[in-house]
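Below is the file data_5.cif, which contains mmCIF, C-alpha atoms.
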data_query
loop_
_atom_site.group_PDB
_atom_site.id
_atom_site.type_symbol
_atom_site.label_atom_id
_atom_site.label_comp_id
_atom_site.auth_asym_id
_atom_site.auth_seq_id
_atom_site.Cartn_x
_atom_site.Cartn_y
_atom_site.Cartn_z
ATOM 1 C CA MET A 1 -5.990 -30.368 -1.057
ATOM 2 C CA SER A 2 -9.645 -29.368 -0.677
ATOM 3 C CA ARG A 3 -9.865 -32.044 2.028
ATOM 4 C CA GLY A 4 -7.236 -30.202 4.076
ATOM 5 C CA VAL A 5 -8.750 -26.757 3.592
ATOM 6 C CA ALA A 6 -12.134 -28.131 4.676
ATOM 7 C CA VAL A 7 -10.913 -28.012 8.299
ATOM 8 C CA ILE A 8 -11.805 -24.309 8.180
ATOM 9 C CA ASP A 9 -15.501 -25.207 8.245
ATOM 10 C CA ARG A 10 -15.128 -26.816 11.664
ATOM 11 C CA LEU A 11 -13.694 -24.033 13.807
ATOM 12 C CA PRO A 12 -13.710 -25.222 17.449
ATOM 13 C CA MET A 13 -14.582 -23.120 20.497
ATOM 14 C CA ARG A 14 -11.985 -24.954 22.554
ATOM 15 C CA VAL A 15 -8.751 -25.741 20.744
ATOM 16 C CA GLY A 16 -6.933 -28.998 21.367
ATOM 17 C CA GLN A 17 -3.975 -30.937 20.028
ATOM 18 C CA ALA A 18 -6.092 -32.566 17.297
ATOM 19 C CA ASP A 19 -6.983 -29.154 15.821
ATOM 20 C CA ILE A 20 -3.315 -28.177 15.697
ATOM 21 C CA ASP A 21 -2.384 -31.563 14.227
ATOM 22 C CA ARG A 22 -4.837 -30.947 11.357
ATOM 23 C CA LEU A 23 -3.385 -27.512 10.608
ATOM 24 C CA GLU A 24 0.163 -28.855 10.816
ATOM 25 C CA GLY A 25 -0.725 -31.677 8.420
ATOM 26 C CA VAL A 26 -2.133 -29.279 5.825
ATOM 27 C CA ILE A 27 0.982 -27.081 6.074
ATOM 28 C CA ALA A 28 3.213 -30.115 5.510
ATOM 29 C CA ALA A 29 1.157 -31.168 2.470
ATOM 30 C CA LEU A 30 1.333 -27.676 0.973
ATOM 31 C CA ARG A 31 5.074 -27.516 1.591
ATOM 32 C CA ALA A 32 5.467 -30.764 -0.341
ATOM 33 C CA ARG A 33 3.397 -29.295 -3.169
ATOM 34 C CA ASP A 34 5.607 -26.188 -3.185
ATOM 35 C CA TYR A 35 8.711 -28.375 -3.695
ATOM 36 C CA ARG A 36 7.052 -30.272 -6.554
ATOM 37 C CA GLU A 37 5.193 -27.525 -8.373
ATOM 38 C CA GLY A 38 6.474 -24.159 -7.129
ATOM 39 C CA GLY A 39 5.116 -21.545 -4.771
ATOM 40 C CA GLY A 40 2.504 -20.362 -7.252
ATOM 41 C CA SER A 41 0.748 -23.723 -6.972
ATOM 42 C CA CYS A 42 -0.269 -23.255 -3.333
ATOM 43 C CA ARG A 43 -0.284 -19.502 -2.615
ATOM 44 C CA GLU A 44 -4.068 -19.255 -2.738
ATOM 45 C CA LEU A 45 -4.632 -22.263 -0.494
ATOM 46 C CA LEU A 46 -2.254 -20.789 2.066
ATOM 47 C CA ARG A 47 -4.161 -17.524 1.876
ATOM 48 C CA VAL A 48 -7.294 -19.435 2.882
ATOM 49 C CA LEU A 49 -5.481 -21.101 5.785
ATOM 50 C CA GLU A 50 -4.111 -17.849 7.192
ATOM 51 C CA PRO A 51 -7.384 -16.559 8.750
ATOM 52 C CA TYR A 52 -8.062 -20.069 10.036
ATOM 53 C CA GLY A 53 -4.789 -20.057 11.945
ATOM 54 C CA ALA A 54 -5.582 -16.603 13.349
ATOM 55 C CA ALA A 55 -9.080 -17.726 14.369
ATOM 56 C CA LEU A 56 -7.725 -20.811 16.123
ATOM 57 C CA ARG A 57 -5.548 -18.577 18.272
ATOM 58 C CA ARG A 58 -8.687 -16.804 19.539
ATOM 59 C CA GLY A 59 -10.101 -20.080 20.862
ATOM 60 C CA MET A 60 -9.869 -21.381 24.422
ATOM 61 C CA MET A 61 -6.826 -23.555 25.129
ATOM 62 C CA SER A 62 -4.234 -24.461 27.725
ATOM 63 C CA ASP A 63 -0.897 -22.606 27.836
ATOM 64 C CA PRO A 64 1.097 -25.537 26.366
ATOM 65 C CA VAL A 65 -1.378 -25.827 23.496
ATOM 66 C CA ALA A 66 -1.218 -22.056 22.936
ATOM 67 C CA ARG A 67 2.581 -22.192 22.661
ATOM 68 C CA ARG A 68 2.452 -25.064 20.200
ATOM 69 C CA LEU A 69 -0.227 -23.319 18.143
ATOM 70 C CA ALA A 70 1.897 -20.155 17.998
ATOM 71 C CA GLY A 71 4.689 -22.268 16.495
ATOM 72 C CA VAL A 72 2.429 -23.878 13.909
ATOM 73 C CA VAL A 73 0.942 -20.542 12.852
ATOM 74 C CA ALA A 74 4.506 -19.186 12.699
ATOM 75 C CA ASP A 75 5.351 -21.965 10.250
ATOM 76 C CA LEU A 76 2.217 -21.143 8.270
ATOM 77 C CA HIS A 77 3.559 -17.607 7.805
ATOM 78 C CA ASN A 78 7.022 -19.048 7.150
ATOM 79 C CA LEU A 79 5.672 -21.128 4.269
ATOM 80 C CA LYS A 80 3.470 -18.273 3.070
ATOM 81 C CA GLY A 81 6.534 -16.024 2.949
ATOM 82 C CA TRP A 82 8.468 -18.650 1.012
ATOM 83 C CA THR A 83 5.726 -19.112 -1.591
ATOM 84 C CA GLU A 84 5.404 -15.343 -2.023
ATOM 85 C CA PHE A 85 9.177 -15.141 -2.520
ATOM 86 C CA ASP A 86 9.098 -18.020 -4.992
ATOM 87 C CA SER A 87 6.285 -16.255 -6.850
ATOM 88 C CA GLY A 88 8.319 -13.062 -7.221
ATOM 89 C CA ARG A 89 6.656 -11.000 -4.455
ATOM 90 C CA PRO A 90 9.476 -10.130 -2.021
ATOM 91 C CA VAL A 91 7.639 -7.313 -0.188
ATOM 92 C CA ARG A 92 4.742 -9.591 0.711
ATOM 93 C CA ALA A 93 7.185 -12.357 1.522
ATOM 94 C CA GLU A 94 9.101 -10.231 4.011
ATOM 95 C CA ARG A 95 5.898 -9.241 5.785
ATOM 96 C CA HIS A 96 5.057 -12.915 6.371
ATOM 97 C CA PHE A 97 8.601 -13.791 7.431
ATOM 98 C CA ARG A 98 8.578 -10.970 10.011
ATOM 99 C CA ARG A 99 5.236 -12.179 11.394
ATOM 100 C CA ALA A 100 6.633 -15.708 11.515
ATOM 101 C CA LEU A 101 9.628 -14.502 13.541
ATOM 102 C CA ASP A 102 7.341 -12.874 16.127
ATOM 103 C CA LEU A 103 5.215 -15.991 16.509
ATOM 104 C CA ALA A 104 8.177 -18.376 16.653
ATOM 105 C CA ALA A 105 9.695 -16.254 19.430
ATOM 106 C CA GLU A 106 6.348 -16.382 21.261
ATOM 107 C CA ALA A 107 6.387 -20.166 20.882
ATOM 108 C CA GLY A 108 9.981 -20.371 22.118
ATOM 109 C CA ASP A 109 10.921 -22.477 19.072
ATOM 110 C CA ASP A 110 14.558 -21.715 18.323
ATOM 111 C CA ASP A 111 14.852 -24.210 15.464
ATOM 112 C CA LEU A 112 11.917 -22.614 13.679
ATOM 113 C CA LEU A 113 13.445 -19.184 14.294
ATOM 114 C CA ALA A 114 16.655 -20.420 12.665
ATOM 115 C CA ASN A 115 14.715 -21.677 9.656
ATOM 116 C CA ILE A 116 12.829 -18.420 9.204
ATOM 117 C CA ARG A 117 16.121 -16.502 9.347
ATOM 118 C CA TYR A 118 17.517 -18.856 6.707
ATOM 119 C CA ARG A 119 14.563 -18.268 4.380
ATOM 120 C CA LEU A 120 14.595 -14.513 4.871
ATOM 121 C CA GLY A 121 18.329 -14.495 4.177
ATOM 122 C CA ARG A 122 17.821 -16.675 1.139
ATOM 123 C CA MET A 123 15.444 -14.088 -0.271
ATOM 124 C CA TYR A 124 18.116 -11.406 0.176
ATOM 125 C CA LEU A 125 20.639 -13.687 -1.525
ATOM 126 C CA HIS A 126 18.346 -14.196 -4.488
ATOM 127 C CA HIS A 127 18.035 -10.442 -4.901
ATOM 128 C CA ARG A 128 21.815 -10.046 -4.691
ATOM 129 C CA SER A 129 22.028 -8.503 -1.213
ATOM 130 C CA PRO A 130 24.629 -10.833 0.337
ATOM 131 C CA SER A 131 25.554 -8.565 3.256
ATOM 132 C CA GLU A 132 21.920 -8.383 4.411
ATOM 133 C CA ALA A 133 21.661 -12.136 3.919
ATOM 134 C CA LEU A 134 24.699 -12.729 6.135
ATOM 135 C CA GLU A 135 23.057 -10.737 8.941
ATOM 136 C CA GLN A 136 20.037 -13.050 8.825
ATOM 137 C CA PHE A 137 22.161 -16.191 8.623
ATOM 138 C CA ALA A 138 24.240 -15.078 11.622
ATOM 139 C CA GLN A 139 21.101 -14.593 13.726
ATOM 140 C CA GLY A 140 19.863 -17.947 12.476
ATOM 141 C CA GLN A 141 23.088 -19.636 13.599
ATOM 142 C CA VAL A 142 22.620 -18.259 17.111
ATOM 143 C CA ALA A 143 19.096 -19.709 17.254
ATOM 144 C CA ALA A 144 20.217 -23.037 15.745
ATOM 145 C CA ARG A 145 22.958 -23.390 18.375
ATOM 146 C CA ARG A 146 20.452 -22.640 21.148
ATOM 147 C CA ALA A 147 18.195 -25.334 19.686
ATOM 148 C CA GLY A 148 21.082 -27.802 19.414
ATOM 149 C CA ARG A 149 20.185 -28.520 15.778
ATOM 150 C CA PRO A 150 23.237 -29.343 13.621
ATOM 151 C CA LEU A 151 21.034 -29.739 10.524
ATOM 152 C CA SER A 152 19.879 -26.129 10.792
ATOM 153 C CA GLN A 153 23.478 -25.082 11.359
ATOM 154 C CA ALA A 154 24.475 -26.944 8.175
ATOM 155 C CA ILE A 155 21.736 -25.218 6.157
ATOM 156 C CA LEU A 156 22.865 -21.827 7.407
ATOM 157 C CA SER A 157 26.591 -22.536 6.901
ATOM 158 C CA ALA A 158 25.971 -23.582 3.293
ATOM 159 C CA ASN A 159 24.040 -20.398 2.636
ATOM 160 C CA GLU A 160 26.647 -18.260 4.369
ATOM 161 C CA ALA A 161 29.121 -19.794 1.926
ATOM 162 C CA TRP A 162 26.892 -18.718 -0.965
ATOM 163 C CA ALA A 163 26.744 -15.159 0.377
ATOM 164 C CA TYR A 164 30.532 -15.005 0.740
ATOM 165 C CA ALA A 165 30.893 -16.326 -2.815
ATOM 166 C CA LEU A 166 28.711 -13.472 -4.075
ATOM 167 C CA LEU A 167 30.990 -11.092 -2.208
ATOM 168 C CA GLY A 168 34.021 -12.667 -3.880
ATOM 169 C CA ASP A 169 35.441 -13.840 -0.532
ATOM 170 C CA VAL A 170 36.881 -17.196 -1.578
ATOM 171 C CA ARG A 171 38.421 -18.131 1.775
ATOM 172 C CA GLN A 172 35.246 -17.540 3.775
ATOM 173 C CA ALA A 173 33.092 -19.218 1.132
ATOM 174 C CA LEU A 174 35.234 -22.368 1.107
ATOM 175 C CA ASP A 175 35.551 -22.430 4.909
ATOM 176 C CA LYS A 176 31.775 -22.305 5.332
ATOM 177 C CA ILE A 177 30.994 -24.853 2.621
ATOM 178 C CA SER A 178 33.568 -27.197 4.178
ATOM 179 C CA LEU A 179 31.877 -26.844 7.587
ATOM 180 C CA ALA A 180 28.379 -27.666 6.307
ATOM 181 C CA PRO A 181 29.044 -31.396 5.597
ATOM 182 C CA GLU A 182 30.460 -31.861 9.111
ATOM 183 C CA GLN A 183 27.351 -30.326 10.647
ATOM 184 C CA PHE A 184 25.149 -32.343 8.308
ATOM 185 C CA ALA A 185 26.865 -35.568 9.422
ATOM 186 C CA ASP A 186 26.310 -34.597 13.069
ATOM 187 C CA SER A 187 22.557 -34.425 12.408
ATOM 188 C CA ALA A 188 22.266 -38.106 11.448
ATOM 189 C CA GLY A 189 19.493 -39.794 13.416
ATOM 190 C CA ASP A 190 17.857 -36.552 14.585
ATOM 191 C CA ALA A 191 14.122 -36.037 14.179
ATOM 192 C CA VAL A 192 13.644 -33.559 11.337
ATOM 193 C CA PRO A 193 10.787 -31.003 11.299
ATOM 194 C CA SER A 194 9.068 -30.415 7.979
ATOM 195 C CA TRP A 195 10.640 -26.996 7.498
ATOM 196 C CA SER A 196 14.172 -28.423 7.271
ATOM 197 C CA ALA A 197 13.434 -31.893 5.840
ATOM 198 C CA PHE A 198 14.295 -30.649 2.338
ATOM 199 C CA PHE A 199 18.002 -30.463 3.224
ATOM 200 C CA THR A 200 19.204 -33.943 2.343
ATOM 201 C CA ALA A 201 22.534 -35.109 0.909
ATOM 202 C CA ASN A 202 21.212 -33.993 -2.496
ATOM 203 C CA ASP A 203 20.649 -30.453 -1.335
ATOM 204 C CA LEU A 204 24.039 -30.356 0.357
ATOM 205 C CA ALA A 205 25.679 -31.408 -2.924
ATOM 206 C CA ALA A 206 23.630 -28.773 -4.771
ATOM 207 C CA MET A 207 24.817 -26.080 -2.360
ATOM 208 C CA ILE A 208 28.459 -27.136 -2.752
ATOM 209 C CA GLY A 209 27.993 -26.887 -6.517
ATOM 210 C CA THR A 210 26.184 -23.562 -6.221
ATOM 211 C CA VAL A 211 28.982 -21.976 -4.197
ATOM 212 C CA ARG A 212 31.601 -23.239 -6.637
ATOM 213 C CA THR A 213 29.534 -21.988 -9.594
ATOM 214 C CA GLU A 214 29.252 -18.500 -8.136
ATOM 215 C CA LEU A 215 33.014 -18.473 -7.521
ATOM 216 C CA ALA A 216 33.549 -19.644 -11.114
ATOM 217 C CA ARG A 217 31.352 -16.835 -12.413
ATOM 218 C CA LEU A 218 32.739 -14.077 -10.224
ATOM 219 C CA VAL A 219 36.308 -15.036 -9.286
ATOM 220 C CA ASP A 220 37.959 -17.892 -11.208
ATOM 221 C CA VAL A 221 36.403 -20.167 -13.823
ATOM 222 C CA ARG A 222 38.472 -23.082 -12.518
ATOM 223 C CA HIS A 223 35.927 -23.522 -9.704
ATOM 224 C CA SER A 224 33.605 -25.041 -12.335
ATOM 225 C CA ARG A 225 35.707 -28.204 -12.233
ATOM 226 C CA LYS A 226 34.475 -28.905 -8.711
ATOM 227 C CA ALA A 227 31.013 -27.475 -9.266
ATOM 228 C CA ILE A 228 30.099 -29.859 -12.083
ATOM 229 C CA PRO A 229 30.443 -33.185 -10.191
ATOM 230 C CA ALA A 230 28.618 -31.803 -7.130
ATOM 231 C CA LEU A 231 25.724 -30.468 -9.211
ATOM 232 C CA THR A 232 25.547 -33.684 -11.236
ATOM 233 C CA GLU A 233 25.327 -35.721 -8.031
ATOM 234 C CA ALA A 234 22.488 -33.560 -6.744
ATOM 235 C CA ILE A 235 20.535 -33.703 -10.013
ATOM 236 C CA GLU A 236 20.786 -37.477 -10.178
ATOM 237 C CA GLY A 237 19.396 -37.736 -6.647
ATOM 238 C CA TYR A 238 16.404 -35.408 -7.037
ATOM 239 C CA GLY A 239 13.141 -37.257 -7.615
ATOM 240 C CA PRO A 240 9.696 -36.058 -8.751
ATOM 241 C CA ASP A 241 9.034 -34.632 -5.290
ATOM 242 C CA MET A 242 11.783 -32.004 -5.793
ATOM 243 C CA MET A 243 11.271 -30.850 -9.370
ATOM 244 C CA ARG A 244 11.921 -27.177 -8.676
ATOM 245 C CA SER A 245 15.270 -27.981 -7.046
ATOM 246 C CA ARG A 246 16.145 -30.244 -9.959
ATOM 247 C CA SER A 247 15.433 -27.496 -12.498
ATOM 248 C CA LEU A 248 17.314 -24.804 -10.549
ATOM 249 C CA THR A 249 20.333 -27.063 -10.106
ATOM 250 C CA MET A 250 20.357 -28.026 -13.784
ATOM 251 C CA ILE A 251 20.495 -24.366 -14.720
ATOM 252 C CA TRP A 252 23.618 -23.942 -12.572
ATOM 253 C CA LEU A 253 25.144 -26.975 -14.268
ATOM 254 C CA ALA A 254 24.437 -25.429 -17.670
ATOM 255 C CA VAL A 255 26.181 -22.245 -16.485
ATOM 256 C CA ASP A 256 29.294 -24.236 -15.568
ATOM 257 C CA HIS A 257 29.383 -26.011 -18.917
ATOM 258 C CA ALA A 258 29.031 -22.644 -20.664
ATOM 259 C CA LEU A 259 31.845 -21.166 -18.581
ATOM 260 C CA GLU A 260 34.057 -24.081 -19.587
ATOM 261 C CA GLY A 261 33.184 -23.550 -23.254
ATOM 262 C CA ASP A 262 31.178 -26.774 -23.646
ATOM 263 C CA LEU A 263 28.167 -25.206 -25.371
ATOM 264 C CA ASP A 264 26.832 -28.567 -26.605
ATOM 265 C CA ARG A 265 26.453 -29.797 -23.037
ATOM 266 C CA ALA A 266 25.281 -26.398 -21.786
ATOM 267 C CA ALA A 267 22.490 -26.428 -24.370
ATOM 268 C CA GLU A 268 21.471 -30.001 -23.566
ATOM 269 C CA VAL A 269 21.247 -29.383 -19.821
ATOM 270 C CA GLY A 270 19.855 -25.848 -20.031
ATOM 271 C CA LEU A 271 17.044 -26.760 -22.437
ATOM 272 C CA ALA A 272 16.113 -29.787 -20.294
ATOM 273 C CA ALA A 273 15.987 -27.525 -17.226
ATOM 274 C CA MET A 274 13.593 -25.171 -18.993
ATOM 275 C CA ASP A 275 11.395 -28.091 -20.038
ATOM 276 C CA ILE A 276 11.018 -28.990 -16.350
ATOM 277 C CA ALA A 277 10.518 -25.345 -15.370
ATOM 278 C CA ASP A 278 7.611 -25.060 -17.817
ATOM 279 C CA GLY A 279 5.557 -27.173 -15.422
ATOM 280 C CA ILE A 280 6.582 -25.313 -12.260
ATOM 281 C CA ARG A 281 4.975 -22.109 -11.003
ATOM 282 C CA SER A 282 8.131 -20.438 -9.730
ATOM 283 C CA ALA A 283 9.593 -17.032 -10.568
ATOM 284 C CA ARG A 284 12.969 -18.203 -9.281
ATOM 285 C CA THR A 285 13.476 -20.589 -12.197
ATOM 286 C CA ARG A 286 13.009 -17.651 -14.557
ATOM 287 C CA ASP A 287 15.392 -15.485 -12.534
ATOM 288 C CA ARG A 288 18.034 -18.229 -12.401
ATOM 289 C CA LEU A 289 18.242 -18.044 -16.204
ATOM 290 C CA ARG A 290 19.944 -14.623 -15.994
ATOM 291 C CA PRO A 291 23.398 -15.984 -15.117
ATOM 292 C CA LEU A 292 22.972 -18.596 -17.839
ATOM 293 C CA SER A 293 22.214 -15.836 -20.362
ATOM 294 C CA GLU A 294 25.277 -13.890 -19.197
ATOM 295 C CA SER A 295 27.550 -16.923 -19.518
ATOM 296 C CA VAL A 296 26.218 -17.942 -22.920
ATOM 297 C CA ARG A 297 26.165 -14.432 -24.394
ATOM 298 C CA LYS A 298 29.967 -14.329 -24.248
ATOM 299 C CA ARG A 299 29.972 -17.099 -26.868
ATOM 300 C CA VAL A 300 27.127 -15.880 -29.038
ATOM 301 C CA GLY A 301 28.971 -16.940 -32.199
ATOM 302 C CA ASP A 302 28.195 -20.578 -31.318
ATOM 303 C CA ILE A 303 24.892 -21.939 -32.695
ATOM 304 C CA ASN A 304 24.176 -23.662 -29.369
ATOM 305 C CA ALA A 305 24.558 -20.328 -27.584
ATOM 306 C CA ARG A 306 22.014 -18.760 -29.905
ATOM 307 C CA ASP A 307 19.615 -21.692 -29.340
ATOM 308 C CA ILE A 308 19.863 -21.253 -25.572
ATOM 309 C CA LEU A 309 19.316 -17.499 -25.759
ATOM 310 C CA ASP A 310 16.308 -17.926 -28.079
ATOM 311 C CA ARG A 311 14.780 -20.514 -25.753
ATOM 312 C CA ILE A 312 15.360 -18.326 -22.690
ATOM 313 C CA ALA A 313 13.633 -15.431 -24.436
ATOM 314 C CA THR A 314 10.673 -17.670 -25.328
ATOM 315 C CA PHE A 315 10.502 -19.081 -21.796
ATOM 316 C CA ARG A 316 10.482 -15.622 -20.209
ATOM 317 C CA ALA A 317 7.846 -14.376 -22.623
ATOM 318 C CA SER A 318 5.547 -17.291 -21.860
ATOM 319 C CA ALA A 319 6.153 -16.983 -18.101
#
Structure encoded using structure tokens:
Amino acid sequence: MSRGVAVIDRLPMRVGQADIDRLEGVIAALRARDYREGGGSCRELLRVLEPYGAALRRGMMSDPVARRLAGVVADLHNLKGWTEFDSGRPVRAERHFRRALDLAAEAGDDDLLANIRYRLGRMYLHHRSPSEALEQFAQGQVAARRAGRPLSQAILSANEAWAYALLGDVRQALDKISLAPEQFADSAGDAVPSWSAFFTANDLAAMIGTVRTELARLVDVRHSRKAIPALTEAIEGYGPDMMRSRSLTMIWLAVDHALEGDLDRAAEVGLAAMDIADGIRSARTRDRLRPLSESVRKRVGDINARDILDRIATFRASA
């Protein structure tokens, strides 16, 4: 990655497409690293890029180049916000997301605006503020429709379903998670920007499983029956480029097995998820263990439950 950051040493007086291409390429590479290794693996490199993006905007350039640069710097703040969130720093994350929204609006990039709203809402979801998350997702849907991007609409619909599940609204949750696959199918063949390229069939399956898991935890354990096959499908499809997603999804699967009383399987999957998480610099993997602890603690008389709880305690202490 030092090769990418080295572009900072060659700050141009007049900014052209090639300069923006270089910055965009480094952002894409760091986003890929975030998926593999967690936000903590690239926070510092993004911090170095931030003043470079600001300095580029002070250079001389045509109006079309200036608009494109505003969008790329918006995505830099978008990714910076995401890595801060993934590292357990929500206040810093929100500051970057808000700056990203301003720049994306300046660039006139509605699809990027939709993605930033999704990520800001996702942070609220993680911190159990589903109503605030729904406000962001709704604004994101408006931008995604303006952009004519069904993939962004699918991402937002799936996350709206998650928010409704946290609110215990089964009908809305199932309506939204049923809509997401239709929107996803409509996106086939579209060019996909780097900020939404993560949302493949695997991620859609993971979101279906996530929504069902939350409903199983909060409303009716019978939702686990549909969560387990969806989560299993997603896990089997995640490769080494998506290790954080694999670990997070495996933790949900362990929750479902625990809810169903299959502590042998819950222990097998949960311990494997923590083995993966050991190599990922992400606070979210640690936080995702809370619902697993809650589900397992109800069956603390089982030796597998005690093994899981001991390992979670060790994992948190080391993290």
- Item | Selection near Asp302 of chain A, 12 Å with only C-alpha atoms, sequence-local residues under 3 positions removed, as a VMD selection string | chain A and resid 258 261 to 264 266 to 267 296 to 299 305 to 309
Which residues match the PyMOL selection byres ((chain A and resi 51-65) around 6) in the file above, as a PDB file with C-alpha atoms, in the frame of the given file?
ATOM      1  CA  ILE A   8     -11.805 -24.309   8.180  1.00  0.00           C
ATOM      2  CA  MET A  13     -14.582 -23.120  20.497  1.00  0.00           C
ATOM      3  CA  ARG A  14     -11.985 -24.954  22.554  1.00  0.00           C
ATOM      4  CA  VAL A  15      -8.751 -25.741  20.744  1.00  0.00           C
ATOM      5  CA  LEU A  49      -5.481 -21.101   5.785  1.00  0.00           C
ATOM      6  CA  GLU A  50      -4.111 -17.849   7.192  1.00  0.00           C
ATOM      7  CA  ALA A  66      -1.218 -22.056  22.936  1.00  0.00           C
ATOM      8  CA  ARG A  67       2.581 -22.192  22.661  1.00  0.00           C
ATOM      9  CA  ARG A  68       2.452 -25.064  20.200  1.00  0.00           C
ATOM     10  CA  VAL A  73       0.942 -20.542  12.852  1.00  0.00           C
TER      11      VAL A  73
END
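Take the candidates A:Ile177, A:Ala18, A:Leu79, A:Ala230 and check each one against Trp195 of chain A using only C-alpha atoms; the shortest distance goes to A:Leu79.
Residue nearest Asp190 of chain A within the list A:Arg95, A:Arg47, A:Arg149, A:Arg222: A:Arg149 [criterion: smallest interatomic distance, all atoms listed in the file].
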Please expand the PyMOL selection byres ((chain A and resi 44) around 12) into the concrete residues it hits in this file, giving the result as an mmCIF file with C-alpha atoms, in the frame of the given file.
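Contents of the output file expr-v2.cif:
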data_model
loop_
_atom_site.group_PDB
_atom_site.id
_atom_site.type_symbol
_atom_site.label_atom_id
_atom_site.label_comp_id
_atom_site.auth_asym_id
_atom_site.auth_seq_id
_atom_site.Cartn_x
_atom_site.Cartn_y
_atom_site.Cartn_z
ATOM 1 C CA MET A 1 -5.990 -30.368 -1.057
ATOM 2 C CA SER A 2 -9.645 -29.368 -0.677
ATOM 3 C CA VAL A 5 -8.750 -26.757 3.592
ATOM 4 C CA LEU A 30 1.333 -27.676 0.973
ATOM 5 C CA ASP A 34 5.607 -26.188 -3.185
ATOM 6 C CA GLY A 39 5.116 -21.545 -4.771
ATOM 7 C CA GLY A 40 2.504 -20.362 -7.252
ATOM 8 C CA SER A 41 0.748 -23.723 -6.972
ATOM 9 C CA CYS A 42 -0.269 -23.255 -3.333
ATOM 10 C CA ARG A 43 -0.284 -19.502 -2.615
ATOM 11 C CA LEU A 45 -4.632 -22.263 -0.494
ATOM 12 C CA LEU A 46 -2.254 -20.789 2.066
ATOM 13 C CA ARG A 47 -4.161 -17.524 1.876
ATOM 14 C CA VAL A 48 -7.294 -19.435 2.882
ATOM 15 C CA LEU A 49 -5.481 -21.101 5.785
ATOM 16 C CA GLU A 50 -4.111 -17.849 7.192
ATOM 17 C CA LYS A 80 3.470 -18.273 3.070
ATOM 18 C CA THR A 83 5.726 -19.112 -1.591
ATOM 19 C CA GLU A 84 5.404 -15.343 -2.023
ATOM 20 C CA SER A 87 6.285 -16.255 -6.850
#
- Message: What's around segment 141-146 of chain A at 7 Å? Count all atoms listed in the file, leave out sequence neighbours fewer than 2 positions away in its own chain, and write the answer as a ChimeraX atom specification.
- Response: /A:110-111,113-114,137-139,148-149,152-153,156
- Task: Mind listing whatever residues come within 10 Å of the point (19.6, -12.7, 2.9)? Use all atoms listed in the file, file coordinates, and give them as an MDAnalysis selection string.
- Result: chainID A and resid 117:137 159:160 163
Take the residues just selected and output them with C-alpha atoms as an mmCIF file, in the frame of the given file.
data_model
loop_
_atom_site.group_PDB
_atom_site.id
_atom_site.type_symbol
_atom_site.label_atom_id
_atom_site.label_comp_id
_atom_site.auth_asym_id
_atom_site.auth_seq_id
_atom_site.Cartn_x
_atom_site.Cartn_y
_atom_site.Cartn_z
ATOM 1 C CA ARG A 117 16.121 -16.502 9.347
ATOM 2 C CA TYR A 118 17.517 -18.856 6.707
ATOM 3 C CA ARG A 119 14.563 -18.268 4.380
ATOM 4 C CA LEU A 120 14.595 -14.513 4.871
ATOM 5 C CA GLY A 121 18.329 -14.495 4.177
ATOM 6 C CA ARG A 122 17.821 -16.675 1.139
ATOM 7 C CA MET A 123 15.444 -14.088 -0.271
ATOM 8 C CA TYR A 124 18.116 -11.406 0.176
ATOM 9 C CA LEU A 125 20.639 -13.687 -1.525
ATOM 10 C CA HIS A 126 18.346 -14.196 -4.488
ATOM 11 C CA HIS A 127 18.035 -10.442 -4.901
ATOM 12 C CA ARG A 128 21.815 -10.046 -4.691
ATOM 13 C CA SER A 129 22.028 -8.503 -1.213
ATOM 14 C CA PRO A 130 24.629 -10.833 0.337
ATOM 15 C CA SER A 131 25.554 -8.565 3.256
ATOM 16 C CA GLU A 132 21.920 -8.383 4.411
ATOM 17 C CA ALA A 133 21.661 -12.136 3.919
ATOM 18 C CA LEU A 134 24.699 -12.729 6.135
ATOM 19 C CA GLU A 135 23.057 -10.737 8.941
ATOM 20 C CA GLN A 136 20.037 -13.050 8.825
ATOM 21 C CA PHE A 137 22.161 -16.191 8.623
ATOM 22 C CA ASN A 159 24.040 -20.398 2.636
ATOM 23 C CA GLU A 160 26.647 -18.260 4.369
ATOM 24 C CA ALA A 163 26.744 -15.159 0.377
#
- Shell around Asn78 of chain A at 7 Å using all atoms listed in the file, local window under 4 positions removed, as a list in words: Ala74, Trp82, His96, Phe97, Ala100 and Ile116 of chain A
- Item | Nearest residue to Arg212 of chain A from the set A:Leu69, A:Ile312, A:Ile20, A:Ala161 (distances using all atoms listed in the file) | A:Ala161
- Query: Of the candidates A:Gln17, A:Ser178, A:Thr314, A:Ser247, which one gets nearest to Ile208 of chain A if we count all atoms listed in the file?
  - Reply: A:Ser178
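Rounded to one decimal, atom CA of His77 of chain A and atom CA of Gly16 of chain A lie 20.6 Å from each other.
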- Message: Nearest residue to Thr213 of chain A out of A:Leu103, A:Leu76, A:Leu166, A:Ile303, using all atoms listed in the file?
- Response: A:Leu166
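The space separating atom CA of Arg98 of chain A from atom CA of Ala70 of chain A comes to 13.9 Å.
Minimum atom-to-atom distances from A:Val91, A:Leu215, A:Ala197, A:Met274 to Ala32 of chain A were compared using only C-alpha atoms, and the lowest value belongs to A:Ala197.
Atom pair atom CA of Ser245 of chain A / atom CA of Ala205 of chain A: separated by 11.7 Å.
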